file target.cif (mmCIF, C-alpha atoms)
data_protein
loop_
_atom_site.label_atom_id
_atom_site.label_comp_id
_atom_site.auth_asym_id
_atom_site.auth_seq_id
_atom_site.Cartn_x
_atom_site.Cartn_y
_atom_site.Cartn_z
CA MET O 1 -119.41 -92.42 -79.68
CA SER O 2 -117.97 -88.95 -79.83
CA ASN O 3 -114.22 -88.25 -80.05
CA PHE O 4 -114.37 -84.99 -78.15
CA ASN O 5 -114.64 -84.23 -74.46
CA ASN O 6 -117.02 -81.32 -74.62
CA GLU O 7 -118.86 -79.17 -77.13
CA ASN O 8 -116.17 -76.48 -77.10
CA GLU O 9 -113.42 -78.89 -78.10
CA ILE O 10 -115.11 -79.68 -81.39
CA LEU O 11 -115.24 -75.99 -82.23
CA ASN O 12 -111.45 -75.68 -82.05
CA ILE O 13 -111.11 -76.12 -85.79
CA ASP O 14 -109.85 -72.67 -86.64
CA LEU O 15 -109.82 -71.90 -90.33
CA SER O 16 -110.22 -68.19 -89.79
CA LYS O 17 -108.57 -65.37 -91.69
CA ASP O 18 -106.11 -65.04 -88.78
CA THR O 19 -103.83 -67.29 -90.77
CA SER O 20 -101.14 -65.03 -92.13
CA GLU O 21 -101.00 -64.30 -95.82
CA GLU O 22 -97.64 -66.10 -96.01
CA ASP O 23 -99.15 -69.26 -94.51
CA LEU O 24 -102.25 -69.21 -96.67
CA PHE O 25 -100.85 -68.21 -100.06
CA LYS O 26 -97.70 -70.11 -100.97
CA ILE O 27 -96.75 -70.90 -104.55
CA GLY O 28 -97.56 -74.57 -105.05
CA GLY O 29 -99.87 -74.61 -102.03
CA PHE O 30 -103.56 -75.34 -101.90
CA VAL O 31 -106.49 -73.26 -100.65
CA MET O 32 -110.25 -73.71 -100.43
CA HIS O 33 -112.99 -71.57 -101.96
CA PRO O 34 -116.56 -72.38 -100.80
CA ILE O 35 -118.00 -72.31 -104.33
CA TYR O 36 -115.12 -73.37 -106.59
CA GLY O 37 -113.49 -75.92 -104.28
CA ILE O 38 -109.79 -76.62 -103.92
CA GLY O 39 -107.47 -74.21 -105.65
CA HIS O 40 -103.78 -74.44 -106.48
CA VAL O 41 -101.69 -71.31 -105.90
CA GLU O 42 -99.72 -70.83 -109.11
CA ASN O 43 -98.16 -67.43 -108.68
CA ILE O 44 -97.89 -64.50 -106.31
CA GLU O 45 -96.97 -61.05 -107.48
CA GLU O 46 -96.85 -57.57 -106.12
CA ARG O 47 -98.78 -54.89 -108.02
CA ARG O 48 -99.10 -51.18 -107.54
CA VAL O 49 -102.67 -49.91 -107.47
CA GLU O 50 -103.08 -46.14 -107.04
CA ALA O 51 -99.69 -45.73 -105.33
CA GLU O 52 -100.33 -48.66 -102.95
CA LEU O 53 -98.59 -52.03 -103.20
CA TYR O 54 -100.77 -55.13 -103.04
CA ASN O 55 -100.04 -58.83 -103.29
CA PHE O 56 -102.09 -60.86 -105.75
CA ALA O 57 -102.19 -64.64 -105.98
CA THR O 58 -103.14 -66.48 -109.14
CA VAL O 59 -105.12 -69.54 -108.11
CA SER O 60 -106.42 -72.22 -110.45
CA PHE O 61 -109.59 -74.16 -109.66
CA GLN O 62 -111.35 -77.16 -111.20
CA ASN O 63 -108.26 -78.70 -112.80
CA GLU O 64 -107.16 -75.37 -114.25
CA LYS O 65 -110.52 -74.71 -115.94
CA LEU O 66 -110.89 -71.58 -113.84
CA LYS O 67 -108.15 -69.14 -112.85
CA MET O 68 -108.71 -66.38 -110.36
CA THR O 69 -106.50 -63.50 -109.30
CA ILE O 70 -107.03 -62.81 -105.61
CA ASN O 71 -105.97 -59.75 -103.68
CA THR O 72 -104.32 -61.44 -100.70
CA ASN O 73 -104.50 -58.26 -98.65
CA LEU O 74 -108.31 -58.40 -98.49
CA GLN O 75 -109.88 -60.09 -95.48
CA LYS O 76 -113.03 -61.04 -97.42
CA ASN O 77 -111.64 -62.92 -100.39
CA MET O 78 -113.62 -66.14 -99.68
CA ILE O 79 -110.42 -68.19 -99.42
CA ARG O 80 -109.39 -70.33 -96.46
CA ARG O 81 -106.79 -72.94 -95.70
CA LEU O 82 -107.62 -76.60 -96.16
CA ILE O 83 -108.68 -78.70 -93.23
CA THR O 84 -106.10 -81.10 -91.78
CA LYS O 85 -106.27 -84.84 -91.18
CA GLU O 86 -106.66 -84.07 -87.49
CA ASP O 87 -109.73 -81.91 -88.19
CA ILE O 88 -111.69 -84.63 -89.99
CA PRO O 89 -112.85 -86.71 -86.97
CA LYS O 90 -113.93 -83.46 -85.28
CA LEU O 91 -115.89 -82.49 -88.39
CA PHE O 92 -117.76 -85.80 -88.44
CA ASP O 93 -118.45 -85.46 -84.71
CA TYR O 94 -119.77 -81.97 -85.36
CA LEU O 95 -122.00 -83.31 -88.15
CA ARG O 96 -123.47 -85.84 -85.72
CA GLU O 97 -123.76 -83.50 -82.71
CA TYR O 98 -124.88 -80.17 -84.23
CA LYS O 99 -128.48 -79.33 -83.34
CA THR O 100 -130.35 -78.03 -86.35
CA ASP O 101 -132.65 -75.03 -86.14
CA LEU O 102 -133.97 -73.82 -89.49
CA PRO O 103 -136.78 -71.40 -90.30
CA VAL O 104 -139.97 -72.85 -91.73
CA LYS O 105 -140.09 -70.74 -94.90
CA SER O 106 -138.03 -72.06 -97.77
CA PRO O 107 -136.69 -68.71 -99.10
CA GLU O 108 -135.50 -67.78 -95.62
CA ARG O 109 -133.77 -71.16 -95.19
CA TYR O 110 -132.11 -70.85 -98.58
CA ASN O 111 -130.73 -67.37 -97.83
CA ILE O 112 -129.41 -68.44 -94.43
CA ASN O 113 -127.76 -71.52 -95.89
CA MET O 114 -126.22 -69.56 -98.76
CA LYS O 115 -124.67 -67.14 -96.25
CA LYS O 116 -123.30 -70.09 -94.31
CA ILE O 117 -121.72 -71.56 -97.44
CA LYS O 118 -120.16 -68.25 -98.45
CA SER O 119 -118.81 -67.67 -94.93
CA THR O 120 -115.82 -69.95 -95.76
CA ASP O 121 -116.25 -71.62 -92.36
CA ILE O 122 -116.19 -75.41 -92.71
CA LYS O 123 -118.46 -75.71 -89.66
CA MET O 124 -121.08 -73.59 -91.43
CA LEU O 125 -120.89 -75.90 -94.46
CA ILE O 126 -121.48 -78.86 -92.17
CA GLN O 127 -124.45 -77.06 -90.62
CA VAL O 128 -125.97 -76.66 -94.09
CA ILE O 129 -125.56 -80.40 -94.74
CA LYS O 130 -127.02 -81.37 -91.36
CA ASP O 131 -129.89 -78.87 -91.63
CA LEU O 132 -130.93 -80.05 -95.09
CA VAL O 133 -130.51 -83.77 -94.35
CA THR O 134 -132.56 -83.40 -91.19
CA LEU O 135 -135.22 -81.38 -93.00
CA SER O 136 -135.39 -83.93 -95.83
CA LYS O 137 -136.46 -86.58 -93.33
CA SER O 138 -139.61 -84.66 -92.43
CA LYS O 139 -140.50 -82.80 -95.63
CA LYS O 140 -139.61 -82.60 -99.27
CA LEU O 141 -136.75 -80.22 -100.06
CA THR O 142 -137.19 -77.59 -102.75
CA PRO O 143 -135.18 -78.12 -105.95
CA LYS O 144 -132.80 -75.32 -104.86
CA GLU O 145 -132.28 -77.03 -101.50
CA VAL O 146 -131.67 -80.41 -103.14
CA SER O 147 -129.04 -78.79 -105.35
CA MET O 148 -127.51 -76.95 -102.37
CA LEU O 149 -127.29 -80.18 -100.35
CA LYS O 150 -125.72 -82.06 -103.24
CA GLN O 151 -123.14 -79.30 -103.86
CA SER O 152 -122.35 -78.91 -100.15
CA LYS O 153 -121.73 -82.64 -99.77
CA LYS O 154 -119.57 -82.62 -102.92
CA THR O 155 -117.51 -79.68 -101.62
CA LEU O 156 -116.92 -81.37 -98.27
CA ALA O 157 -116.18 -84.74 -99.91
CA SER O 158 -113.65 -83.22 -102.31
CA GLU O 159 -111.76 -81.56 -99.47
CA ILE O 160 -111.77 -84.68 -97.29
CA ALA O 161 -110.68 -86.80 -100.26
CA PHE O 162 -107.83 -84.42 -101.06
CA VAL O 163 -106.61 -84.24 -97.45
CA LEU O 164 -106.83 -88.00 -96.83
CA SER O 165 -105.63 -89.01 -100.33
CA ILE O 166 -108.74 -91.10 -100.92
CA THR O 167 -111.25 -91.02 -103.74
CA GLU O 168 -114.02 -88.46 -103.67
CA GLU O 169 -116.47 -91.35 -103.92
CA THR O 170 -115.09 -92.92 -100.71
CA ALA O 171 -115.27 -89.58 -98.89
CA SER O 172 -118.82 -89.05 -100.17
CA GLU O 173 -119.81 -92.51 -98.90
CA LYS O 174 -118.45 -91.65 -95.43
CA ILE O 175 -120.48 -88.43 -95.39
CA ASP O 176 -123.63 -90.24 -96.61
CA LEU O 177 -123.20 -92.97 -94.00
CA THR O 178 -122.89 -90.38 -91.25
CA CYS O 179 -125.95 -88.52 -92.59
CA ARG O 180 -128.03 -91.70 -92.72
CA ASN O 181 -127.31 -92.28 -89.04
CA LEU O 182 -128.29 -88.78 -87.90
#

call {"tool": "encode", "arguments": {"input": "target.cif", "output": "structure tokens"}}
result
Amino acid sequence: MSNFNNENEILNIDLSKDTSEEDLFKIGGFVMHPIYGIGHVENIEERRVEAELYNFATVSFQNEKLKMTINTNLQKNMIRRLITKEDIPKLFDYLREYKTDLPVKSPERYNINMKKIKSTDIKMLIQVIKDLVTLSKSKKLTPKEVSMLKQSKKTLASEIAFVLSITEETASEKIDLTCRNL
């Protein structure tokens, strides 16, 4: 049973770059990177680069194993805000309802899915999961696709776990259960 009234309602999860820099980068706040996961904003500073002033945020990822300095003025910095608790039921509905349409050739599929992951759009990440789960039911995935599916599920599970204050294992189980019933 779906929790949304029509297909457009589920697409109302807006994690776009329209979010102002002040809303996205706050010291002590959290952001999401499609490859490195959830990051903690440690510092924001203004720097002069060739007579122009720019804001840079220092963000730590993976329990401070990785620190990244991000130019907050750039639109393509691969950072987005975290999903909200209210977004999560819509995301699971989208996972169930999205109609997959992947090319037959593996290299083509891989490139399309990698672009989706790097897009920073949570809906694109869910499309990758759905596409690969659906494909795995009819044919064997390539090792790259298996790895991509595993990493995509882990990324989604870590964000859901963080937002809902549950374990990553519990979030992963919810994703796997939904995928099994596709």

call {"tool": "closest_atom_pairs", "arguments": {"input": "target.cif", "of": "stretch 121-177 of chain O", "to": "stretch 20-37 of chain O", "cutoff": "10 Å", "atoms": "only C-alpha atoms", "output": "Markdown table"}}
result
| residue | atom | partner | partner_atom | distance |
| --- | --- | --- | --- | --- |
| O:Asp121 | CA | O:Pro34 | CA | 8.5 |
| O:Ile122 | CA | O:Pro34 | CA | 8.6 |
| O:Leu125 | CA | O:Pro34 | CA | 8.4 |
| O:Gln151 | CA | O:Ile35 | CA | 8.7 |
| O:Ser152 | CA | O:Pro34 | CA | 8.8 |
| O:Lys154 | CA | O:Gly37 | CA | 9.1 |
| O:Thr155 | CA | O:Gly37 | CA | 6.1 |
| O:Leu156 | CA | O:Gly37 | CA | 8.8 |
| O:Ser158 | CA | O:Gly37 | CA | 7.6 |
| O:Glu159 | CA | O:Gly37 | CA | 7.6 |

call {"tool": "closest_residue", "arguments": {"input": "target.cif", "among": "O:Thr178, O:Ser60, O:Thr134, O:Asn55", "to": "O:Leu95", "atoms": "all atoms listed in the file"}}
result
O:Thr178

call {"tool": "resolve_selection", "arguments": {"input": "target.cif", "expression": "the PyMOL selection byres ((chain O and resi 138-148) around 10)", "output": "ChimeraX atom specification"}}
result
/O:106-107,109-110,113-114,117,128-129,132-137,149-154

call {"tool": "residues_near_point", "arguments": {"input": "target.cif", "point": "(-112.8, -84.8, -89.9)", "cutoff": "12 Å", "atoms": "only C-alpha atoms", "output": "ChimeraX atom specification"}}
result
/O:3-4,10-11,13,82-96,122-123,126,156-157,159-161,163-164,171,174-175,178

call {"tool": "write_last_selection", "arguments": {"input": "target.cif", "atoms": "C-alpha atoms", "output": "compact mmCIF listing (two decimals), in the frame of the given file"}}
result
# COMPACT_ATOMS: atom_id res chain seq x y z
CA ASN O 3 -114.22 -88.25 -80.05
CA PHE O 4 -114.37 -84.99 -78.15
CA ILE O 10 -115.11 -79.68 -81.39
CA LEU O 11 -115.24 -75.99 -82.23
CA ILE O 13 -111.11 -76.12 -85.79
CA LEU O 82 -107.62 -76.60 -96.16
CA ILE O 83 -108.68 -78.70 -93.23
CA THR O 84 -106.10 -81.10 -91.78
CA LYS O 85 -106.27 -84.84 -91.18
CA GLU O 86 -106.66 -84.07 -87.49
CA ASP O 87 -109.73 -81.91 -88.19
CA ILE O 88 -111.69 -84.63 -89.99
CA PRO O 89 -112.85 -86.71 -86.97
CA LYS O 90 -113.93 -83.46 -85.28
CA LEU O 91 -115.89 -82.49 -88.39
CA PHE O 92 -117.76 -85.80 -88.44
CA ASP O 93 -118.45 -85.46 -84.71
CA TYR O 94 -119.77 -81.97 -85.36
CA LEU O 95 -122.00 -83.31 -88.15
CA ARG O 96 -123.47 -85.84 -85.72
CA ILE O 122 -116.19 -75.41 -92.71
CA LYS O 123 -118.46 -75.71 -89.66
CA ILE O 126 -121.48 -78.86 -92.17
CA LEU O 156 -116.92 -81.37 -98.27
CA ALA O 157 -116.18 -84.74 -99.91
CA GLU O 159 -111.76 -81.56 -99.47
CA ILE O 160 -111.77 -84.68 -97.29
CA ALA O 161 -110.68 -86.80 -100.26
CA VAL O 163 -106.61 -84.24 -97.45
CA LEU O 164 -106.83 -88.00 -96.83
CA ALA O 171 -115.27 -89.58 -98.89
CA LYS O 174 -118.45 -91.65 -95.43
CA ILE O 175 -120.48 -88.43 -95.39
CA THR O 178 -122.89 -90.38 -91.25

call {"tool": "atom_distance", "arguments": {"input": "target.cif", "atom1": "atom CA of O:Val104", "atom2": "atom CA of O:Lys130"}}
result
15.5 Å

call {"tool": "atom_distance", "arguments": {"input": "target.cif", "atom1": "atom CA of O:Phe61", "atom2": "atom CA of O:Thr120"}}
result
15.8 Å

call {"tool": "atom_distance", "arguments": {"input": "target.cif", "atom1": "atom CA of O:Thr167", "atom2": "atom CA of O:Lys118"}}
result
25.0 Å

call {"tool": "decode", "arguments": {"input": "target.cif", "residues": "stretch 58-92 of chain O", "atoms": "N, CA and C atoms", "output": "PDB file, in the first residue's frame"}}
result
ATOM      1  N   THR O  58      35.090  23.064   6.164  1.00  0.00           N
ATOM      2  CA  THR O  58      35.858  21.863   6.453  1.00  0.00           C
ATOM      3  C   THR O  58      34.871  20.820   6.956  1.00  0.00           C
ATOM      4  N   VAL O  59      34.793  19.712   6.239  1.00  0.00           N
ATOM      5  CA  VAL O  59      33.834  18.665   6.559  1.00  0.00           C
ATOM      6  C   VAL O  59      34.601  17.369   6.792  1.00  0.00           C
ATOM      7  N   SER O  60      34.281  16.698   7.898  1.00  0.00           N
ATOM      8  CA  SER O  60      34.919  15.408   8.161  1.00  0.00           C
ATOM      9  C   SER O  60      33.945  14.282   7.832  1.00  0.00           C
ATOM     10  N   PHE O  61      34.477  13.228   7.233  1.00  0.00           N
ATOM     11  CA  PHE O  61      33.710  12.059   6.837  1.00  0.00           C
ATOM     12  C   PHE O  61      34.324  10.827   7.479  1.00  0.00           C
ATOM     13  N   GLN O  62      33.525   9.770   7.554  1.00  0.00           N
ATOM     14  CA  GLN O  62      33.993   8.460   8.008  1.00  0.00           C
ATOM     15  C   GLN O  62      34.684   8.553   9.365  1.00  0.00           C
ATOM     16  N   ASN O  63      33.947   9.103  10.335  1.00  0.00           N
ATOM     17  CA  ASN O  63      34.456   9.240  11.710  1.00  0.00           C
ATOM     18  C   ASN O  63      35.797   9.949  11.760  1.00  0.00           C
ATOM     19  N   GLU O  64      35.893  11.025  11.020  1.00  0.00           N
ATOM     20  CA  GLU O  64      37.066  11.895  10.976  1.00  0.00           C
ATOM     21  C   GLU O  64      38.292  11.262  10.327  1.00  0.00           C
ATOM     22  N   LYS O  65      38.104  10.158   9.596  1.00  0.00           N
ATOM     23  CA  LYS O  65      39.216   9.557   8.858  1.00  0.00           C
ATOM     24  C   LYS O  65      39.531  10.348   7.601  1.00  0.00           C
ATOM     25  N   LEU O  66      38.539  11.103   7.125  1.00  0.00           N
ATOM     26  CA  LEU O  66      38.705  11.879   5.906  1.00  0.00           C
ATOM     27  C   LEU O  66      38.174  13.283   6.156  1.00  0.00           C
ATOM     28  N   LYS O  67      39.001  14.283   5.858  1.00  0.00           N
ATOM     29  CA  LYS O  67      38.567  15.676   5.960  1.00  0.00           C
ATOM     30  C   LYS O  67      38.653  16.294   4.582  1.00  0.00           C
ATOM     31  N   MET O  68      37.647  17.101   4.269  1.00  0.00           N
ATOM     32  CA  MET O  68      37.571  17.704   2.953  1.00  0.00           C
ATOM     33  C   MET O  68      37.261  19.189   3.129  1.00  0.00           C
ATOM     34  N   THR O  69      37.936  20.019   2.370  1.00  0.00           N
ATOM     35  CA  THR O  69      37.624  21.439   2.345  1.00  0.00           C
ATOM     36  C   THR O  69      36.803  21.688   1.093  1.00  0.00           C
ATOM     37  N   ILE O  70      35.616  22.241   1.277  1.00  0.00           N
ATOM     38  CA  ILE O  70      34.659  22.389   0.184  1.00  0.00           C
ATOM     39  C   ILE O  70      34.362  23.858  -0.043  1.00  0.00           C
ATOM     40  N   ASN O  71      34.489  24.274  -1.283  1.00  0.00           N
ATOM     41  CA  ASN O  71      34.115  25.631  -1.662  1.00  0.00           C
ATOM     42  C   ASN O  71      32.587  25.676  -1.679  1.00  0.00           C
ATOM     43  N   THR O  72      32.006  26.359  -0.702  1.00  0.00           N
ATOM     44  CA  THR O  72      30.548  26.372  -0.578  1.00  0.00           C
ATOM     45  C   THR O  72      29.882  27.212  -1.649  1.00  0.00           C
ATOM     46  N   ASN O  73      30.652  28.007  -2.364  1.00  0.00           N
ATOM     47  CA  ASN O  73      30.087  28.847  -3.414  1.00  0.00           C
ATOM     48  C   ASN O  73      29.836  28.065  -4.704  1.00  0.00           C
ATOM     49  N   LEU O  74      30.444  26.900  -4.838  1.00  0.00           N
ATOM     50  CA  LEU O  74      30.281  26.098  -6.048  1.00  0.00           C
ATOM     51  C   LEU O  74      28.964  25.346  -6.017  1.00  0.00           C
ATOM     52  N   GLN O  75      28.262  25.315  -7.127  1.00  0.00           N
ATOM     53  CA  GLN O  75      27.012  24.571  -7.228  1.00  0.00           C
ATOM     54  C   GLN O  75      27.259  23.066  -7.344  1.00  0.00           C
ATOM     55  N   LYS O  76      28.401  22.673  -7.913  1.00  0.00           N
ATOM     56  CA  LYS O  76      28.679  21.255  -8.131  1.00  0.00           C
ATOM     57  C   LYS O  76      29.750  20.776  -7.164  1.00  0.00           C
ATOM     58  N   ASN O  77      29.419  20.749  -5.884  1.00  0.00           N
ATOM     59  CA  ASN O  77      30.394  20.281  -4.908  1.00  0.00           C
ATOM     60  C   ASN O  77      30.037  18.903  -4.355  1.00  0.00           C
ATOM     61  N   MET O  78      29.028  18.249  -4.943  1.00  0.00           N
ATOM     62  CA  MET O  78      28.590  16.902  -4.585  1.00  0.00           C
ATOM     63  C   MET O  78      28.114  16.786  -3.133  1.00  0.00           C
ATOM     64  N   ILE O  79      27.665  17.865  -2.561  1.00  0.00           N
ATOM     65  CA  ILE O  79      27.150  17.860  -1.197  1.00  0.00           C
ATOM     66  C   ILE O  79      25.671  18.212  -1.231  1.00  0.00           C
ATOM     67  N   ARG O  80      24.886  17.526  -0.408  1.00  0.00           N
ATOM     68  CA  ARG O  80      23.470  17.858  -0.269  1.00  0.00           C
ATOM     69  C   ARG O  80      23.083  17.745   1.202  1.00  0.00           C
ATOM     70  N   ARG O  81      21.895  18.264   1.499  1.00  0.00           N
ATOM     71  CA  ARG O  81      21.407  18.141   2.866  1.00  0.00           C
ATOM     72  C   ARG O  81      20.952  16.705   3.093  1.00  0.00           C
ATOM     73  N   LEU O  82      20.843  16.331   4.360  1.00  0.00           N
ATOM     74  CA  LEU O  82      20.342  15.006   4.697  1.00  0.00           C
ATOM     75  C   LEU O  82      18.841  14.936   4.453  1.00  0.00           C
ATOM     76  N   ILE O  83      18.353  13.734   4.233  1.00  0.00           N
ATOM     77  CA  ILE O  83      16.920  13.542   4.148  1.00  0.00           C
ATOM     78  C   ILE O  83      16.317  13.781   5.535  1.00  0.00           C
ATOM     79  N   THR O  84      15.010  13.930   5.589  1.00  0.00           N
ATOM     80  CA  THR O  84      14.324  14.116   6.874  1.00  0.00           C
ATOM     81  C   THR O  84      13.526  12.857   7.207  1.00  0.00           C
ATOM     82  N   LYS O  85      13.053  12.778   8.423  1.00  0.00           N
ATOM     83  CA  LYS O  85      12.208  11.643   8.823  1.00  0.00           C
ATOM     84  C   LYS O  85      10.976  11.556   7.938  1.00  0.00           C
ATOM     85  N   GLU O  86      10.456  12.716   7.551  1.00  0.00           N
ATOM     86  CA  GLU O  86       9.261  12.753   6.713  1.00  0.00           C
ATOM     87  C   GLU O  86       9.536  12.230   5.303  1.00  0.00           C
ATOM     88  N   ASP O  87      10.762  12.321   4.849  1.00  0.00           N
ATOM     89  CA  ASP O  87      11.127  11.855   3.505  1.00  0.00           C
ATOM     90  C   ASP O  87      11.188  10.333   3.412  1.00  0.00           C
ATOM     91  N   ILE O  88      11.474   9.671   4.505  1.00  0.00           N
ATOM     92  CA  ILE O  88      11.787   8.236   4.464  1.00  0.00           C
ATOM     93  C   ILE O  88      10.636   7.377   3.941  1.00  0.00           C
ATOM     94  N   PRO O  89       9.391   7.548   4.403  1.00  0.00           N
ATOM     95  CA  PRO O  89       8.310   6.734   3.809  1.00  0.00           C
ATOM     96  C   PRO O  89       8.168   6.976   2.307  1.00  0.00           C
ATOM     97  N   LYS O  90       8.366   8.213   1.871  1.00  0.00           N
ATOM     98  CA  LYS O  90       8.283   8.529   0.437  1.00  0.00           C
ATOM     99  C   LYS O  90       9.396   7.825  -0.323  1.00  0.00           C
ATOM    100  N   LEU O  91      10.581   7.730   0.288  1.00  0.00           N
ATOM    101  CA  LEU O  91      11.703   7.057  -0.375  1.00  0.00           C
ATOM    102  C   LEU O  91      11.424   5.570  -0.547  1.00  0.00           C
ATOM    103  N   PHE O  92      10.855   4.943   0.482  1.00  0.00           N
ATOM    104  CA  PHE O  92      10.524   3.520   0.366  1.00  0.00           C
ATOM    105  C   PHE O  92       9.402   3.307  -0.645  1.00  0.00           C
TER     106      PHE O  92
END
